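Enquirer: File name final_14.txt; file contents compact mmCIF, C-alpha atoms; full text below.
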# COMPACT_ATOMS: atom_id res chain seq x y z
CA MET B 42 -30.92 -5.83 7.54
CA ILE B 43 -30.60 -3.99 4.21
CA ASN B 44 -30.03 -0.24 4.30
CA PHE B 45 -31.73 0.85 1.08
CA ARG B 46 -29.79 4.11 1.02
CA HIS B 47 -26.71 2.08 0.15
CA LEU B 48 -28.47 0.87 -3.02
CA ILE B 49 -29.15 4.34 -4.43
CA PHE B 50 -25.76 4.85 -6.06
CA PRO B 51 -25.26 1.42 -7.70
CA VAL B 52 -28.87 1.33 -8.94
CA SER B 53 -28.43 4.82 -10.40
CA LEU B 54 -25.75 3.40 -12.71
CA LEU B 55 -28.49 1.42 -14.45
CA PHE B 56 -30.58 4.47 -15.36
CA PRO B 57 -28.74 5.32 -18.61
CA PHE B 58 -29.16 1.75 -19.86
CA LEU B 59 -32.87 1.88 -19.05
CA LEU B 60 -33.22 5.23 -20.81
CA PHE B 61 -31.68 3.85 -23.99
CA ALA B 62 -33.31 0.39 -23.95
CA GLN B 63 -34.59 -0.12 -27.49
CA PRO B 64 -35.83 -2.92 -29.78
CA ALA B 65 -33.47 -5.38 -31.42
CA ASN B 66 -32.88 -3.06 -34.38
CA GLY B 67 -31.69 -0.27 -32.06
CA PRO B 68 -28.20 0.41 -30.62
CA VAL B 69 -25.89 -2.57 -30.17
CA LEU B 70 -23.93 -3.41 -27.02
CA GLU B 71 -20.24 -3.82 -27.91
CA THR B 72 -17.48 -4.96 -25.56
CA LYS B 73 -13.72 -5.12 -25.94
CA PRO B 74 -11.42 -6.76 -23.36
CA PHE B 75 -7.93 -5.38 -22.71
CA LEU B 76 -4.72 -6.32 -20.90
CA MET B 77 -1.89 -3.90 -19.99
CA VAL B 78 1.43 -4.82 -18.33
CA GLN B 79 4.57 -2.90 -17.26
CA PHE B 80 7.50 -5.22 -16.48
CA ARG B 81 10.98 -4.00 -15.44
CA GLY B 82 14.35 -4.95 -14.18
CA MET B 83 15.39 -2.45 -11.46
CA TYR B 84 18.90 -1.84 -10.13
CA SER B 85 18.75 0.16 -6.87
CA TYR B 86 21.70 1.82 -5.14
CA GLY B 87 22.53 4.57 -2.65
CA GLN B 88 19.70 3.91 -0.21
CA GLU B 89 20.20 4.26 3.56
CA GLN B 90 18.07 3.12 6.46
CA LEU B 91 17.97 4.11 10.12
CA ASP B 92 19.37 1.42 12.42
CA GLU B 93 18.58 0.72 16.07
CA ASN B 94 21.33 3.16 17.15
CA GLY B 95 19.76 6.07 15.33
CA ALA B 96 22.38 6.16 12.56
CA PHE B 97 21.83 5.82 8.82
CA VAL B 98 23.54 2.76 7.33
CA PRO B 99 23.81 1.84 3.63
CA VAL B 100 21.45 -0.68 2.06
CA ASP B 101 23.25 -3.05 -0.30
CA PRO B 102 22.72 -2.34 -4.00
CA ASN B 103 20.28 -4.82 -5.47
CA LEU B 104 18.80 -6.01 -8.76
CA ARG B 105 15.17 -7.09 -8.80
CA TRP B 106 12.42 -7.90 -11.29
CA LEU B 107 9.25 -5.87 -10.88
CA LEU B 108 5.81 -6.17 -12.42
CA ARG B 109 5.12 -2.50 -11.77
CA ARG B 110 1.61 -2.23 -13.16
CA GLY B 111 -0.96 -4.65 -14.51
CA ARG B 112 -4.50 -3.98 -15.72
CA ALA B 113 -7.17 -6.26 -17.11
CA GLY B 114 -10.69 -5.22 -17.94
CA VAL B 115 -13.28 -4.36 -20.51
CA ARG B 116 -14.42 -1.35 -22.50
CA ALA B 117 -18.05 -1.25 -23.53
CA SER B 118 -20.39 0.93 -25.56
CA TYR B 119 -24.13 0.96 -26.22
CA GLY B 120 -24.85 3.02 -29.28
CA LYS B 121 -23.08 6.36 -29.52
CA GLN B 122 -24.24 7.88 -26.24
CA LEU B 123 -23.24 5.40 -23.55
CA THR B 124 -19.79 3.96 -22.82
CA GLY B 125 -18.42 1.97 -19.92
CA PHE B 126 -15.02 1.06 -18.54
CA ALA B 127 -13.98 -1.39 -15.81
CA SER B 128 -10.49 -2.56 -14.84
CA LEU B 129 -8.77 -4.75 -12.28
CA SER B 130 -5.25 -3.93 -11.09
CA PHE B 131 -2.33 -6.14 -10.08
CA ASP B 132 0.57 -3.83 -9.18
CA GLN B 133 3.96 -3.87 -7.44
CA ILE B 134 4.54 -7.61 -7.80
CA GLY B 135 8.17 -8.12 -6.80
CA GLN B 136 8.57 -4.79 -4.98
CA ARG B 137 10.88 -5.12 -1.97
CA PRO B 138 11.55 -2.64 0.88
CA GLU B 139 15.28 -2.43 0.03
CA MET B 140 14.55 -1.23 -3.50
CA SER B 141 14.81 2.50 -4.26
CA THR B 142 11.50 2.40 -6.14
CA ARG B 143 8.45 3.63 -4.27
CA GLY B 144 5.41 1.96 -2.80
CA SER B 145 4.76 -1.20 -0.85
CA GLY B 146 5.04 -4.61 -2.44
CA ASN B 147 2.22 -6.94 -3.37
CA THR B 148 1.95 -10.25 -1.54
CA SER B 149 3.45 -13.60 -2.53
CA LEU B 150 -0.08 -14.47 -3.68
CA PRO B 151 -0.70 -11.11 -5.40
CA ASN B 152 -3.77 -9.07 -4.58
CA ILE B 153 -6.07 -8.07 -7.43
CA ALA B 154 -8.23 -5.00 -6.87
CA LEU B 155 -11.01 -3.14 -8.65
CA PHE B 156 -9.52 0.13 -9.91
CA ASP B 157 -11.94 1.81 -12.30
CA ALA B 158 -15.62 1.14 -12.89
CA PHE B 159 -17.58 3.93 -14.55
CA LEU B 160 -20.13 4.86 -17.20
CA THR B 161 -20.07 7.96 -19.40
CA TRP B 162 -23.36 9.19 -20.86
CA GLN B 163 -23.69 11.80 -23.60
CA VAL B 164 -26.86 13.49 -22.36
CA VAL B 165 -28.04 14.86 -25.73
CA ASN B 166 -27.26 12.78 -28.83
CA SER B 167 -24.64 14.37 -31.12
CA LYS B 168 -24.24 17.35 -28.75
CA PRO B 169 -20.75 17.36 -27.19
CA TRP B 170 -21.38 20.00 -24.54
CA LEU B 171 -22.63 17.73 -21.72
CA TYR B 172 -21.47 14.30 -20.59
CA LEU B 173 -22.06 12.64 -17.22
CA THR B 174 -19.54 10.14 -15.80
CA MET B 175 -20.53 8.10 -12.75
CA GLY B 176 -18.88 5.29 -10.80
CA GLN B 177 -15.40 4.90 -9.31
CA PHE B 178 -12.72 6.90 -11.13
CA ARG B 179 -10.15 9.69 -10.69
CA PRO B 180 -11.32 13.24 -9.96
CA GLN B 181 -10.44 15.28 -13.04
CA ILE B 182 -7.70 17.36 -11.43
CA GLY B 183 -3.97 17.03 -12.03
CA ARG B 184 -2.64 16.11 -15.47
CA GLU B 185 -0.39 13.40 -14.09
CA SER B 186 -3.12 11.91 -11.93
CA ILE B 187 -5.65 11.66 -14.76
CA THR B 188 -3.13 10.27 -17.29
CA SER B 189 -2.48 6.52 -17.16
CA GLY B 190 1.00 5.36 -16.22
CA PHE B 191 1.01 3.29 -19.42
CA PHE B 192 0.93 6.43 -21.59
CA VAL B 193 3.45 8.82 -20.00
CA PRO B 194 6.99 9.17 -21.45
CA SER B 195 8.79 8.73 -18.11
CA MET B 196 9.32 5.28 -16.62
CA GLU B 197 7.71 6.32 -13.34
CA LYS B 198 5.04 8.93 -12.85
CA ALA B 199 5.70 12.33 -11.32
CA LEU B 200 5.54 12.88 -7.56
CA SER B 201 2.62 15.27 -7.98
CA GLN B 202 0.36 12.33 -8.80
CA THR B 203 0.81 10.71 -5.38
CA TYR B 204 0.82 13.84 -3.23
CA LEU B 205 -2.17 15.40 -5.00
CA ARG B 206 -4.19 12.18 -4.89
CA ARG B 207 -3.62 11.78 -1.17
CA HIS B 208 -4.64 15.40 -0.68
CA LEU B 209 -7.87 14.92 -2.67
CA VAL B 210 -9.14 11.43 -1.79
CA GLN B 211 -6.67 10.31 0.96
CA VAL B 212 -5.40 7.25 -0.96
CA GLY B 213 -2.54 6.85 -3.42
CA HIS B 214 -4.49 5.11 -6.18
CA GLY B 215 -6.55 8.29 -6.52
CA ARG B 216 -9.96 6.76 -7.24
CA ALA B 217 -13.19 7.52 -5.41
CA PRO B 218 -16.93 7.04 -6.02
CA GLY B 219 -18.46 10.09 -7.63
CA VAL B 220 -20.13 11.91 -10.49
CA ASN B 221 -18.49 14.25 -13.01
CA ALA B 222 -20.15 16.53 -15.55
CA GLY B 223 -18.10 17.77 -18.49
CA GLY B 224 -18.07 18.61 -22.16
CA PHE B 225 -16.67 20.60 -25.06
CA ILE B 226 -17.10 24.31 -25.76
CA LEU B 227 -16.49 25.46 -29.37
CA PRO B 228 -15.31 22.01 -30.56
CA GLY B 229 -13.47 21.99 -33.87
CA LYS B 230 -12.40 25.64 -33.57
CA PRO B 231 -8.76 26.85 -33.31
CA LEU B 232 -9.64 28.00 -29.78
CA SER B 233 -11.76 25.50 -27.84
CA PHE B 234 -12.41 24.47 -24.23
CA THR B 235 -13.17 21.39 -22.15
CA TRP B 236 -14.83 21.72 -18.74
CA TYR B 237 -15.20 19.34 -15.80
CA LEU B 238 -17.21 19.61 -12.54
CA GLY B 239 -17.15 16.72 -10.07
CA LEU B 240 -18.48 15.64 -6.70
CA PHE B 241 -16.81 12.68 -4.97
CA SER B 242 -16.85 10.69 -1.72
CA PRO B 243 -13.21 10.52 -0.50
CA TRP B 244 -12.09 7.48 1.44
CA ALA B 245 -12.08 7.54 5.25
CA GLU B 246 -11.70 5.15 8.16
CA PRO B 247 -14.93 3.36 9.14
CA GLU B 248 -15.26 5.38 12.35
CA GLU B 249 -14.72 8.72 10.57
CA GLN B 250 -17.25 11.07 9.03
CA THR B 251 -16.03 12.75 5.85
CA ALA B 252 -17.40 15.58 3.70
CA LEU B 253 -17.82 15.42 -0.07
CA LEU B 254 -15.02 16.61 -2.36
CA GLY B 255 -15.90 19.16 -5.04
CA THR B 256 -13.60 19.55 -8.07
CA ALA B 257 -13.44 21.82 -11.11
CA ARG B 258 -11.16 22.06 -14.15
CA LEU B 259 -11.27 24.22 -17.29
CA ALA B 260 -8.88 23.42 -20.18
CA MET B 261 -8.20 25.78 -23.10
CA HIS B 262 -6.95 24.26 -26.37
CA LEU B 263 -5.06 26.27 -28.99
CA GLY B 264 -4.50 24.68 -32.42
CA ASP B 265 -5.25 20.97 -32.70
CA PRO B 266 -7.60 19.74 -29.94
CA GLU B 267 -6.27 17.45 -27.24
CA GLN B 268 -9.15 15.00 -27.80
CA GLU B 269 -11.38 14.34 -30.79
CA GLU B 270 -14.00 12.66 -28.61
CA TYR B 271 -14.85 13.31 -24.97
CA ALA B 272 -13.22 10.90 -22.51
CA ILE B 273 -11.61 10.99 -19.08
CA GLN B 274 -8.52 9.16 -20.37
CA TYR B 275 -5.54 11.09 -21.77
CA ASP B 276 -2.22 10.78 -23.62
CA VAL B 277 1.05 12.73 -23.90
CA THR B 278 3.15 11.59 -26.89
CA ARG B 279 1.40 12.11 -30.25
CA PHE B 280 4.11 10.92 -32.69
CA GLY B 281 3.94 14.06 -34.82
CA LYS B 282 0.15 13.98 -35.17
CA ARG B 283 -0.74 17.05 -33.06
CA LYS B 284 0.30 20.69 -33.20
CA GLY B 285 -1.43 22.37 -30.31
CA ILE B 286 -1.25 23.41 -26.68
CA THR B 287 -3.60 22.81 -23.77
CA LEU B 288 -3.57 25.12 -20.74
CA ALA B 289 -5.79 24.29 -17.77
CA ALA B 290 -6.72 25.63 -14.34
CA SER B 291 -8.27 23.50 -11.61
CA GLY B 292 -9.37 23.60 -8.01
CA SER B 293 -10.88 21.49 -5.24
CA ARG B 294 -12.62 21.96 -1.91
CA GLN B 295 -13.55 19.50 0.82
CA GLY B 296 -15.00 19.95 4.27
CA GLY B 297 -13.50 18.18 7.23
CA ASN B 298 -13.09 14.61 8.33
CA GLY B 299 -11.57 13.11 11.45
CA LYS B 300 -8.07 14.24 10.44
CA PHE B 301 -8.44 17.87 9.29
CA TYR B 302 -10.96 20.72 9.43
CA ASP B 303 -11.09 21.45 5.68
CA SER B 304 -8.94 20.99 2.58
CA SER B 305 -8.52 22.80 -0.74
CA SER B 306 -6.26 23.12 -3.80
CA LEU B 307 -5.58 25.29 -6.84
CA GLY B 308 -3.54 24.18 -9.83
CA VAL B 309 -2.45 24.81 -13.40
CA ASP B 310 -1.29 22.30 -16.01
CA LEU B 311 -0.20 22.18 -19.65
CA LEU B 312 0.31 19.84 -22.58
CA ALA B 313 2.11 21.15 -25.67
CA ASN B 314 2.65 19.02 -28.79
CA ALA B 315 4.68 20.44 -31.66
CA GLY B 316 5.32 17.70 -34.17
CA ARG B 317 7.84 15.34 -32.59
CA TRP B 318 8.22 17.48 -29.43
CA SER B 319 6.03 17.17 -26.34
CA LEU B 320 6.05 19.19 -23.13
CA ASP B 321 3.73 18.58 -20.20
CA GLY B 322 3.64 19.70 -16.61
CA GLU B 323 1.61 21.00 -13.69
CA TRP B 324 1.87 22.84 -10.37
CA HIS B 325 -0.59 22.63 -7.48
CA TRP B 326 -0.93 24.68 -4.31
CA LEU B 327 -2.44 22.73 -1.40
CA TRP B 328 -4.00 23.93 1.86
CA ARG B 329 -5.52 22.31 4.93
CA THR B 330 -6.87 23.75 8.15
CA PRO B 331 -5.61 21.71 11.14
CA LEU B 332 -8.15 20.26 13.54
CA ILE B 333 -6.83 22.70 16.13
CA VAL B 334 -8.22 25.78 14.40
CA ASN B 335 -7.05 28.40 16.89
CA ILE B 336 -3.37 28.13 15.99
CA GLY B 337 -3.77 30.98 13.50
CA ARG B 338 -2.36 29.36 10.35
CA TYR B 339 -2.89 26.73 7.66
CA TRP B 340 -0.82 23.80 6.55
CA LYS B 341 0.51 24.63 3.08
CA GLY B 342 2.14 22.46 0.44
CA GLN B 343 3.04 22.50 -3.25
CA THR B 344 3.71 19.81 -5.82
CA GLY B 345 4.28 19.57 -9.56
CA TYR B 346 6.48 18.44 -12.44
CA LEU B 347 7.82 19.37 -15.86
CA ARG B 348 8.55 16.74 -18.52
CA GLY B 349 9.79 17.01 -22.07
CA SER B 350 10.23 14.43 -24.81
CA TYR B 351 11.32 14.15 -28.42
CA ALA B 352 10.18 11.24 -30.61
CA MET B 353 12.21 10.49 -33.74
CA PRO B 354 11.21 7.91 -36.37
CA VAL B 355 13.49 4.90 -36.77
CA GLY B 356 12.12 2.99 -39.73
CA GLU B 357 8.56 2.09 -38.75
CA LYS B 358 9.36 2.54 -35.05
CA TRP B 359 9.80 5.62 -32.83
CA LEU B 360 12.72 6.38 -30.51
CA GLU B 361 11.66 8.80 -27.78
CA TRP B 362 14.10 10.69 -25.54
CA THR B 363 12.61 12.10 -22.35
CA ALA B 364 13.50 14.00 -19.17
CA MET B 365 11.42 14.87 -16.11
CA VAL B 366 11.86 16.84 -12.90
CA SER B 367 9.28 16.58 -10.12
CA SER B 368 8.97 18.01 -6.62
CA ALA B 369 6.76 18.11 -3.53
CA GLN B 370 7.32 20.77 -0.85
CA ALA B 371 5.48 21.43 2.39
CA ASP B 372 5.68 22.94 5.85
CA PRO B 373 8.55 21.20 7.68
CA GLN B 374 6.99 21.74 11.11
CA PRO B 375 5.61 18.43 12.45
CA PHE B 376 2.92 20.11 14.58
CA TYR B 377 0.98 21.43 11.59
CA THR B 378 1.50 18.22 9.64
CA GLU B 379 0.19 16.05 12.49
CA PHE B 380 -3.06 17.98 12.87
CA SER B 381 -3.64 18.24 9.10
CA ASP B 382 -2.86 14.62 8.07
CA ALA B 383 -0.46 15.99 5.47
CA PHE B 384 3.14 15.62 4.27
CA SER B 385 6.12 17.76 5.25
CA GLY B 386 9.66 18.55 4.08
CA THR B 387 10.70 18.21 0.44
CA ASP B 388 10.81 15.28 -1.97
CA ASN B 389 12.44 15.54 -5.42
CA VAL B 390 13.00 13.38 -8.51
CA LEU B 391 15.05 13.82 -11.69
CA GLU B 392 14.68 11.21 -14.45
CA PHE B 393 16.27 10.75 -17.88
CA GLY B 394 15.59 7.94 -20.31
CA ALA B 395 14.63 6.57 -23.71
CA ASN B 396 11.65 4.65 -25.04
CA LEU B 397 11.63 2.56 -28.21
CA HIS B 398 8.04 2.35 -29.46
CA LEU B 399 7.76 -0.86 -31.46
CA VAL B 400 4.04 -0.23 -32.01
CA GLU B 401 2.50 3.18 -31.26
CA ARG B 402 0.58 3.14 -27.96
CA LYS B 403 0.87 -0.65 -27.84
CA ILE B 404 4.42 -1.91 -27.26
CA LYS B 405 7.50 -0.02 -26.04
CA LEU B 406 10.89 -0.81 -24.55
CA GLN B 407 12.29 1.48 -21.84
CA ALA B 408 15.67 2.33 -20.28
CA HIS B 409 15.70 5.12 -17.65
CA HIS B 410 17.72 6.42 -14.71
CA CYS B 411 16.21 8.21 -11.72
CA TRP B 412 17.88 10.36 -9.02
CA GLN B 413 16.00 11.14 -5.80
CA TRP B 414 16.70 13.57 -2.97
CA GLY B 415 14.87 15.32 -0.13
CA SER B 416 15.39 17.75 2.71
CA SER B 417 14.06 18.40 6.19
CA ILE B 418 14.44 20.57 9.26
CA GLY B 419 15.06 18.72 12.48
CA PRO B 420 14.99 14.96 13.06
CA VAL B 421 14.02 12.74 10.17
CA GLY B 422 11.27 11.24 12.32
CA ASN B 423 9.44 14.56 12.09
CA ILE B 424 9.24 14.35 8.31
CA ASN B 425 6.27 12.64 6.69
CA ASN B 426 7.07 12.14 3.01
CA ASP B 427 8.04 9.29 0.73
CA TYR B 428 11.71 10.21 0.42
CA PHE B 429 12.23 9.57 4.14
CA PHE B 430 9.95 6.58 4.67
CA GLN B 431 9.54 3.10 3.19
CA GLN B 432 6.99 0.59 4.40
CA GLY B 433 8.85 -2.44 5.71
CA LEU B 434 12.02 -0.46 6.53
CA GLY B 435 10.76 2.62 8.35
CA GLU B 436 12.90 5.77 8.20
CA ILE B 437 15.24 5.92 5.20
CA ARG B 438 17.05 8.17 2.78
CA ARG B 439 15.78 6.91 -0.53
CA GLY B 440 18.34 5.89 -3.14
CA ASN B 441 18.49 6.04 -6.93
CA TYR B 442 17.77 3.43 -9.57
CA PHE B 443 18.26 2.34 -13.15
CA GLY B 444 15.42 0.52 -14.85
CA ALA B 445 14.91 -1.30 -18.14
CA GLY B 446 11.71 -2.94 -19.17
CA MET B 447 8.74 -3.34 -21.47
CA VAL B 448 5.21 -1.90 -21.65
CA VAL B 449 2.51 -3.84 -23.49
CA VAL B 450 -1.07 -2.70 -24.13
CA LEU B 451 -3.31 -5.32 -25.74
Let's see the structure in the file written out as structure tokens.
Expert:
Amino acid sequence: MINFRHLIFPVSLLFPFLLFAQPANGPVLETKPFLMVQFRGMYSYGQEQLDENGAFVPVDPNLRWLLRRGRAGVRASYGKQLTGFASLSFDQIGQRPEMSTRGSGNTSLPNIALFDAFLTWQVVNSKPWLYLTMGQFRPQIGRESITSGFFVPSMEKALSQTYLRRHLVQVGHGRAPGVNAGGFILPGKPLSFTWYLGLFSPWAEPEEQTALLGTARLAMHLGDPEQEEYAIQYDVTRFGKRKGITLAASGSRQGGNGKFYDSSSLGVDLLANAGRWSLDGEWHWLWRTPLIVNIGRYWKGQTGYLRGSYAMPVGEKWLEWTAMVSSAQADPQPFYTEFSDAFSGTDNVLEFGANLHLVERKIKLQAHHCWQWGSSIGPVGNINNDYFFQQGLGEIRRGNYFGAGMVVVL
């Protein structure tokens, strides 16, 4: 039997097309397919895993090939007011538990999943102050989360992406069905703003009830704007084309589900471009009320990063040097973590590397080194973070790695 309530959201995605349906001499539907791939060779060393006797033993250093990220999809537009974006993902092909890189591996017959599928509608033609985005996409909080991994200077993304995404929508890929309103304030001025307000349905187990997630972000731009046209896709390196700074504040609030009573966050982020130099970063404060509400305290966590890069021209190419430090910190007490479905302890990353951009925003070669460390109080088994756990191995002390590879955006 069909539950017609389930049809409300997908049918609503058709409304903008119906509103703009015009004769043959009206707006034209344009589509553009794309393919993006990150491929790397990864040398992992220094990792330890817990054996059956409760002692940490070294994992042999190893060299592996990894198709870290893959995207295939289509961009579409209908006139000037309606755009669409849909992408499939094929990630972590070649990832093995003994590698120091993070995340679980794809299968021998790799899974392909729908990542993004959304429409953006400019409500009033030629007026940039109100756009509506609807579909499955990332809540517009967290600079690292809303910036594609294909367009950041570091080889791997900052820890704040993963920990913030799990806090917001309970899954690492960070997408959820929802609606976001946003737009420009004072566009084209030396001081301008971009605003975002969203309402999303975070993921939950089938037997769980979950409240909606509300999000808000206000970005202030000094000097050159961060974007010439409104979009929920962002970039970091500008190859000398921008002189400006973006400062933003954001927040979120969600009622309870079957794992916590309520959840909230506050954060700040920045992007500064000064010719060849770029600096970006963020810091987020996270809170959850445990299901046992009479314990008299909240679970509290923090996560963020700071990353700098310098791009120097080499003939018609660009050589970019980059460094990043990232951290996640939370209450080390397992009791509060267990009843808040949250992480605990500390998790840290330091990365240095270089990118050779053969074609701006299209093709780059990478060589980077990453150090990782964490801390805890008490037994490792009481710590729930990615430094101390790897799917397929269980409890570990994550090692370091050197990676070299190629990023292609077609």
Enquirer: From the list B:Met77, B:Leu205, B:Ile404, B:Leu155, which residue is nearest Leu307 in chain B when using only C-alpha atoms?
Expert: B:Leu205
Enquirer: As an exercise, work out the distance from CA of Ala352 in chain B to CA of Arg317 in chain B in Å and give it to one decimal place.
Expert: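 One can read the CA of Ala352 in chain B to CA of Arg317 in chain B distance as 5.1 Å.
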Enquirer: At a cut-off of 12 Å, using all atoms listed in the file, what residues contact Trp326 in chain B? Leave out same-chain residues fewer than 5 positions from it and give the result as a VMD selection string.
Expert: chain B and resid 183 201 204 to 205 208 290 to 293 304 to 310 340 to 345 369 to 371
Enquirer: Within 7 Å of range 444-451 of chain B, counting all atoms listed in the file, which residues show up once you throw out same-chain ones fewer than 4 positions away? Write them as a list of chain:residue names, please.
Expert: B:Phe75, B:Leu76, B:Met77, B:Val78, B:Gln79, B:Phe80, B:Arg81, B:Gly82, B:Met83, B:Tyr84, B:Lys403, B:Ile404, B:Lys405, B:Leu406, B:Gln407, B:Ala408, B:His409, B:His410
Enquirer: Taking (14.8, 18.5, -0.4) as a centre in this file's frame and 6 Å as the limit, can you find every polymer residue with an atom that close, using only C-alpha atoms, and give them as JSON, numbers by chain?
Expert: {"B": [387, 388, 414, 415, 416]}
Enquirer: Name all residues at most 10 Å from range 161-163 of chain B (count all atoms listed in the file; drop same-chain ones fewer than 4 positions away) and give them as a PyMOL selection string.
Expert: chain B and resi 54+57-58+118-119+121-126+167-176+220-224+271-273
Enquirer: Could you state the separation of CA of Leu227 in chain B and CA of Thr278 in chain B in Å, given to one decimal place?
Expert: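 Pair CA of Leu227 in chain B / CA of Thr278 in chain B returns 24.2 Å.
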Enquirer: What does the distance between CA of Asp132 in chain B and CA of Arg216 in chain B come to in Å, to one decimal place?
Expert: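 Calculated distance between CA of Asp132 in chain B and CA of Arg216 in chain B is 15.1 Å.
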Enquirer: Give me the residues within 7 Å of Pro99 in chain B as a ChimeraX atom specification, counting only C-alpha atoms and dropping any in the same chain fewer than 5 places off.
Expert: /B:87-90
Enquirer: Which residues of range 94-134 of chain B come within 9 Å of range 151-154 of chain B, and what is each one's closest atom pair and distance in Å (one decimal), counting only C-alpha atoms, sorted by chain and residue number, as a tab-separated table?
Expert:
residue	atom	partner	partner_atom	distance
B:Ser128	CA	B:Ala154	CA	8.6
B:Leu129	CA	B:Ala154	CA	5.4
B:Ser130	CA	B:Ala154	CA	5.3
B:Phe131	CA	B:Ile153	CA	5.0
B:Asp132	CA	B:Ile153	CA	8.1
B:Gln133	CA	B:Pro151	CA	8.8
B:Ile134	CA	B:Pro151	CA	6.7
Enquirer: Print the selection's residues with C-alpha atoms to a file, as a PDB file, in the frame of the given file.
Expert:
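What ended up in part_10.pdb:
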ATOM      1  CA  SER B 128     -10.490  -2.560 -14.840  1.00  0.00           C
ATOM      2  CA  LEU B 129      -8.770  -4.750 -12.280  1.00  0.00           C
ATOM      3  CA  SER B 130      -5.250  -3.930 -11.090  1.00  0.00           C
ATOM      4  CA  PHE B 131      -2.330  -6.140 -10.080  1.00  0.00           C
ATOM      5  CA  ASP B 132       0.570  -3.830  -9.180  1.00  0.00           C
ATOM      6  CA  GLN B 133       3.960  -3.870  -7.440  1.00  0.00           C
ATOM      7  CA  ILE B 134       4.540  -7.610  -7.800  1.00  0.00           C
TER       8      ILE B 134
END
Enquirer: Give the answer as one residue: which of B:Arg294, B:Arg279, B:Arg438, B:Arg109 has the shortest atom-to-atom distance to Pro194 in chain B, using all atoms listed in the file?
Expert: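 Closest candidate: B:Arg279.
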Enquirer: I'd like the neighbourhood of Asp92 in chain B as a PyMOL selection string, where a residue qualifies if any of its atoms comes within 10 Å (using only C-alpha atoms), though same-chain residues fewer than 6 positions away should be ignored.
Expert: chain B and resi 98-99+434-437
Enquirer: Create the file for the chosen residues now, containing C-alpha atoms and written as a PDB file, in the frame of the given file.
Expert:
ATOM      1  CA  VAL B  98      23.540   2.760   7.330  1.00  0.00           C
ATOM      2  CA  PRO B  99      23.810   1.840   3.630  1.00  0.00           C
ATOM      3  CA  LEU B 434      12.020  -0.460   6.530  1.00  0.00           C
ATOM      4  CA  GLY B 435      10.760   2.620   8.350  1.00  0.00           C
ATOM      5  CA  GLU B 436      12.900   5.770   8.200  1.00  0.00           C
ATOM      6  CA  ILE B 437      15.240   5.920   5.200  1.00  0.00           C
TER       7      ILE B 437
END
